[in-house]
Amino acid sequence: MSSLSSVPLVDIDPSGVFKYILINVYEEVKSGQEPKMTIARGYKRCNYHSDIYDEVQAKLSPLDCEPLGGGRISHDPENKKIHIYGYSQGYGKADHEITAKLIKAAFPEYTITISDEGY
């Protein structure tokens with residue numbers, strides 16, 4: 001995959017509690033340019049935030065990716081709720097407000113909450 005237009009803004013697991021990261025995606029090699037898009041990714045199968053980044057970077061190659069921070073997501077599809085909280089020890093805390101806006105656009109029927117509490 002190499003076209004920004006084909007990259008979804010949000011790709012998270014359909015349910016459960018899992019780590020997530022916020023990533024800037026650039027065309028090919030970033031050269032002082034503004035990021036072309038910011039995406040959120042979260043998967044239960046990844047034990048570390050860096051595992052998510054490695055997987056996304058490999059999938060989006062040759063696009064260039066930059067991790068902005070991470071946290072956790074609690075996704076409750078039955079009650080249509082997503083809670084965004086915590087931080088990444090490796091990447092620091094993501095801007096949960098940006099993540100919430102991205103997720104609200106992808107899940108408009110959901111209640112989205114954020115907190116700086118928890119790990």
# chains A, B, ... in the order shown; residues from 1 in each chain; ligands from 1
>>> select_by_dssp(residues="chain A", states="helix (DSSP H, G or I)", output="list in words")
Leu4, Ser5, Ser6, His49, Ser50, Asp51, Ile52, Tyr53, Asp54, Glu55, Val56, Gln57, Ala58, Lys59, Leu60, His96, Glu97, Ile98, Thr99, Ala100, Lys101, Leu102, Ile103, Lys104, Ala105 and Ala106 of chain A
>>> residues_around(residues="Gly90 in chain A", least_positions_apart="2", cutoff="8 Å", atoms="only C-alpha atoms", output="ChimeraX atom specification")
/A:49-50,88,92
>>> write_last_selection(atoms="C-alpha atoms", output="PDB file, in the first residue's frame")
ATOM      1  CA  HIS A  49       3.123   0.042  21.455  1.00  0.00           C
ATOM      2  CA  SER A  50       6.263  -0.432  19.346  1.00  0.00           C
ATOM      3  CA  SER A  88       2.953   4.565  26.188  1.00  0.00           C
ATOM      4  CA  GLY A  92       4.773   8.955  25.707  1.00  0.00           C
TER       5      GLY A  92
END
>>> closest_residue(among="A:Phe18, A:Ser74, A:Cys65, A:Tyr26", to="Asn47 in chain A", atoms="only C-alpha atoms")
A:Phe18
>>> closest_residue(among="A:Leu68, A:Tyr110, A:Ser6, A:Asp76", to="Ile98 in chain A", atoms="only C-alpha atoms")
A:Leu68
>>> residues_around(residues="His83 in chain A", least_positions_apart="3", cutoff="6 Å", atoms="only C-alpha atoms", output="ChimeraX atom specification")
/A:73-74,112-114
>>> select_by_dssp(residues="chain A", states="strand (DSSP E or B)", output="JSON, numbers by chain")
{"A": [10, 11, 12, 16, 17, 18, 19, 20, 21, 22, 23, 24, 25, 26, 37, 38, 39, 40, 41, 42, 64, 65, 66, 67, 68, 69, 70, 71, 72, 73, 74, 75, 76, 81, 82, 83, 84, 85, 88, 92, 93, 111, 112, 113, 114, 115]}
>>> write_last_selection(atoms="C-alpha atoms", output="PDB file, in the first residue's frame")
ATOM      1  CA  VAL A  10      -8.711   4.532  12.226  1.00  0.00           C
ATOM      2  CA  ASP A  11      -8.000   0.815  12.490  1.00  0.00           C
ATOM      3  CA  ILE A  12      -8.747  -0.655  15.910  1.00  0.00           C
ATOM      4  CA  GLY A  16     -11.779  -5.367  24.201  1.00  0.00           C
ATOM      5  CA  VAL A  17      -8.996  -3.410  25.892  1.00  0.00           C
ATOM      6  CA  PHE A  18      -5.797  -2.856  23.951  1.00  0.00           C
ATOM      7  CA  LYS A  19      -2.878  -0.526  23.365  1.00  0.00           C
ATOM      8  CA  TYR A  20      -3.025   2.096  20.624  1.00  0.00           C
ATOM      9  CA  ILE A  21      -0.746   4.651  19.007  1.00  0.00           C
ATOM     10  CA  LEU A  22      -1.264   7.883  17.113  1.00  0.00           C
ATOM     11  CA  ILE A  23       0.913   8.161  13.994  1.00  0.00           C
ATOM     12  CA  ASN A  24       1.733  10.895  11.496  1.00  0.00           C
ATOM     13  CA  VAL A  25       1.955   9.514   7.949  1.00  0.00           C
ATOM     14  CA  TYR A  26       3.965  11.320   5.280  1.00  0.00           C
ATOM     15  CA  MET A  37      -2.416  12.658   7.761  1.00  0.00           C
ATOM     16  CA  THR A  38      -2.683  11.472  11.346  1.00  0.00           C
ATOM     17  CA  ILE A  39      -3.969   7.957  12.014  1.00  0.00           C
ATOM     18  CA  ALA A  40      -4.880   5.855  15.059  1.00  0.00           C
ATOM     19  CA  ARG A  41      -4.091   2.145  15.328  1.00  0.00           C
ATOM     20  CA  GLY A  42      -4.837  -0.281  18.160  1.00  0.00           C
ATOM     21  CA  ASP A  64       6.925   7.320   6.095  1.00  0.00           C
ATOM     22  CA  CYS A  65       5.481   7.025   9.612  1.00  0.00           C
ATOM     23  CA  GLU A  66       6.236   8.882  12.846  1.00  0.00           C
ATOM     24  CA  PRO A  67       4.809   7.766  16.220  1.00  0.00           C
ATOM     25  CA  LEU A  68       3.258  10.631  18.202  1.00  0.00           C
ATOM     26  CA  GLY A  69       2.408   8.765  21.383  1.00  0.00           C
ATOM     27  CA  GLY A  70       0.196   6.031  22.685  1.00  0.00           C
ATOM     28  CA  GLY A  71      -2.274   4.890  25.273  1.00  0.00           C
ATOM     29  CA  ARG A  72      -5.026   2.341  25.691  1.00  0.00           C
ATOM     30  CA  ILE A  73      -8.500   1.918  24.284  1.00  0.00           C
ATOM     31  CA  SER A  74     -11.420   0.119  25.853  1.00  0.00           C
ATOM     32  CA  HIS A  75     -13.851  -0.759  23.051  1.00  0.00           C
ATOM     33  CA  ASP A  76     -17.331  -1.893  24.129  1.00  0.00           C
ATOM     34  CA  LYS A  81     -18.680   3.057  24.003  1.00  0.00           C
ATOM     35  CA  ILE A  82     -14.980   3.693  23.492  1.00  0.00           C
ATOM     36  CA  HIS A  83     -12.760   4.955  26.307  1.00  0.00           C
ATOM     37  CA  ILE A  84      -9.300   6.333  25.479  1.00  0.00           C
ATOM     38  CA  TYR A  85      -6.773   6.634  28.313  1.00  0.00           C
ATOM     39  CA  SER A  88       2.953   4.565  26.188  1.00  0.00           C
ATOM     40  CA  GLY A  92       4.773   8.955  25.707  1.00  0.00           C
ATOM     41  CA  LYS A  93       1.111   9.951  25.923  1.00  0.00           C
ATOM     42  CA  THR A 111     -19.973   7.599  23.011  1.00  0.00           C
ATOM     43  CA  ILE A 112     -16.258   8.460  23.173  1.00  0.00           C
ATOM     44  CA  THR A 113     -14.610   9.339  26.503  1.00  0.00           C
ATOM     45  CA  ILE A 114     -11.025  10.201  27.375  1.00  0.00           C
ATOM     46  CA  SER A 115      -8.953  10.239  30.555  1.00  0.00           C
TER      47      SER A 115
END
>>> closest_residue(among="A:Asn79, A:Leu4, A:Glu109, A:Tyr43", to="Glu55 in chain A", atoms="only C-alpha atoms")
A:Tyr43
>>> closest_residue(among="A:Val56, A:Lys80, A:Pro14, A:Tyr48", to="Lys104 in chain A", atoms="only C-alpha atoms")
A:Lys80
>>> atom_distance(atom1="CA of His96 in chain A", atom2="CA of Leu9 in chain A")
14.6 Å
>>> closest_residue(among="A:Ser15, A:Cys46, A:Ser5, A:Glu27", to="Ser61 in chain A", atoms="only C-alpha atoms")
A:Glu27
>>> decode(residues="range 31-107 of chain A", atoms="C-alpha atoms", output="PDB file, in the first residue's frame")
ATOM      1  CA  SER A  31      11.608  16.439   4.508  1.00  0.00           C
ATOM      2  CA  GLY A  32      10.412  19.118   6.882  1.00  0.00           C
ATOM      3  CA  GLN A  33       6.962  18.928   5.322  1.00  0.00           C
ATOM      4  CA  GLU A  34       3.762  18.953   7.289  1.00  0.00           C
ATOM      5  CA  PRO A  35       2.308  15.507   7.955  1.00  0.00           C
ATOM      6  CA  LYS A  36      -0.152  14.475   5.309  1.00  0.00           C
ATOM      7  CA  MET A  37      -2.416  12.658   7.761  1.00  0.00           C
ATOM      8  CA  THR A  38      -2.683  11.472  11.346  1.00  0.00           C
ATOM      9  CA  ILE A  39      -3.969   7.957  12.014  1.00  0.00           C
ATOM     10  CA  ALA A  40      -4.880   5.855  15.059  1.00  0.00           C
ATOM     11  CA  ARG A  41      -4.091   2.145  15.328  1.00  0.00           C
ATOM     12  CA  GLY A  42      -4.837  -0.281  18.160  1.00  0.00           C
ATOM     13  CA  TYR A  43      -4.612  -4.076  18.323  1.00  0.00           C
ATOM     14  CA  LYS A  44      -4.926  -6.668  21.106  1.00  0.00           C
ATOM     15  CA  ARG A  45      -2.401  -8.892  19.325  1.00  0.00           C
ATOM     16  CA  CYS A  46       0.386  -6.361  19.974  1.00  0.00           C
ATOM     17  CA  ASN A  47       2.004  -6.595  23.414  1.00  0.00           C
ATOM     18  CA  TYR A  48       3.878  -3.297  23.068  1.00  0.00           C
ATOM     19  CA  HIS A  49       3.123   0.042  21.455  1.00  0.00           C
ATOM     20  CA  SER A  50       6.263  -0.432  19.346  1.00  0.00           C
ATOM     21  CA  ASP A  51       4.783  -3.677  17.952  1.00  0.00           C
ATOM     22  CA  ILE A  52       1.834  -1.682  16.616  1.00  0.00           C
ATOM     23  CA  TYR A  53       4.193   0.866  15.071  1.00  0.00           C
ATOM     24  CA  ASP A  54       6.360  -1.819  13.452  1.00  0.00           C
ATOM     25  CA  GLU A  55       3.298  -3.523  11.963  1.00  0.00           C
ATOM     26  CA  VAL A  56       1.797  -0.287  10.632  1.00  0.00           C
ATOM     27  CA  GLN A  57       5.103   0.985   9.245  1.00  0.00           C
ATOM     28  CA  ALA A  58       5.663  -2.273   7.349  1.00  0.00           C
ATOM     29  CA  LYS A  59       2.092  -2.268   6.006  1.00  0.00           C
ATOM     30  CA  LEU A  60       2.220   1.368   4.843  1.00  0.00           C
ATOM     31  CA  SER A  61       5.665   1.217   3.245  1.00  0.00           C
ATOM     32  CA  PRO A  62       6.907   3.184   1.279  1.00  0.00           C
ATOM     33  CA  LEU A  63       4.982   5.898   3.169  1.00  0.00           C
ATOM     34  CA  ASP A  64       6.925   7.320   6.095  1.00  0.00           C
ATOM     35  CA  CYS A  65       5.481   7.025   9.612  1.00  0.00           C
ATOM     36  CA  GLU A  66       6.236   8.882  12.846  1.00  0.00           C
ATOM     37  CA  PRO A  67       4.809   7.766  16.220  1.00  0.00           C
ATOM     38  CA  LEU A  68       3.258  10.631  18.202  1.00  0.00           C
ATOM     39  CA  GLY A  69       2.408   8.765  21.383  1.00  0.00           C
ATOM     40  CA  GLY A  70       0.196   6.031  22.685  1.00  0.00           C
ATOM     41  CA  GLY A  71      -2.274   4.890  25.273  1.00  0.00           C
ATOM     42  CA  ARG A  72      -5.026   2.341  25.691  1.00  0.00           C
ATOM     43  CA  ILE A  73      -8.500   1.918  24.284  1.00  0.00           C
ATOM     44  CA  SER A  74     -11.420   0.119  25.853  1.00  0.00           C
ATOM     45  CA  HIS A  75     -13.851  -0.759  23.051  1.00  0.00           C
ATOM     46  CA  ASP A  76     -17.331  -1.893  24.129  1.00  0.00           C
ATOM     47  CA  PRO A  77     -19.343  -2.451  20.925  1.00  0.00           C
ATOM     48  CA  GLU A  78     -22.365  -3.832  22.782  1.00  0.00           C
ATOM     49  CA  ASN A  79     -22.899  -0.507  24.568  1.00  0.00           C
ATOM     50  CA  LYS A  80     -21.366   1.573  21.750  1.00  0.00           C
ATOM     51  CA  LYS A  81     -18.680   3.057  24.003  1.00  0.00           C
ATOM     52  CA  ILE A  82     -14.980   3.693  23.492  1.00  0.00           C
ATOM     53  CA  HIS A  83     -12.760   4.955  26.307  1.00  0.00           C
ATOM     54  CA  ILE A  84      -9.300   6.333  25.479  1.00  0.00           C
ATOM     55  CA  TYR A  85      -6.773   6.634  28.313  1.00  0.00           C
ATOM     56  CA  GLY A  86      -3.234   6.083  29.565  1.00  0.00           C
ATOM     57  CA  TYR A  87       0.114   6.428  27.859  1.00  0.00           C
ATOM     58  CA  SER A  88       2.953   4.565  26.188  1.00  0.00           C
ATOM     59  CA  GLN A  89       6.180   4.061  28.133  1.00  0.00           C
ATOM     60  CA  GLY A  90       8.130   4.113  24.868  1.00  0.00           C
ATOM     61  CA  TYR A  91       6.360   6.901  22.939  1.00  0.00           C
ATOM     62  CA  GLY A  92       4.773   8.955  25.707  1.00  0.00           C
ATOM     63  CA  LYS A  93       1.111   9.951  25.923  1.00  0.00           C
ATOM     64  CA  ALA A  94      -0.768  10.498  22.693  1.00  0.00           C
ATOM     65  CA  ASP A  95      -3.032  13.516  22.376  1.00  0.00           C
ATOM     66  CA  HIS A  96      -6.242  11.727  23.332  1.00  0.00           C
ATOM     67  CA  GLU A  97      -8.318  14.663  21.994  1.00  0.00           C
ATOM     68  CA  ILE A  98      -6.980  14.036  18.476  1.00  0.00           C
ATOM     69  CA  THR A  99      -7.555  10.296  18.873  1.00  0.00           C
ATOM     70  CA  ALA A 100     -11.120  10.920  20.089  1.00  0.00           C
ATOM     71  CA  LYS A 101     -11.902  13.087  17.031  1.00  0.00           C
ATOM     72  CA  LEU A 102     -10.562  10.429  14.654  1.00  0.00           C
ATOM     73  CA  ILE A 103     -12.487   7.637  16.400  1.00  0.00           C
ATOM     74  CA  LYS A 104     -15.705   9.685  16.618  1.00  0.00           C
ATOM     75  CA  ALA A 105     -15.565  10.170  12.837  1.00  0.00           C
ATOM     76  CA  ALA A 106     -15.093   6.416  12.344  1.00  0.00           C
ATOM     77  CA  PHE A 107     -17.703   5.443  14.983  1.00  0.00           C
TER      78      PHE A 107
END
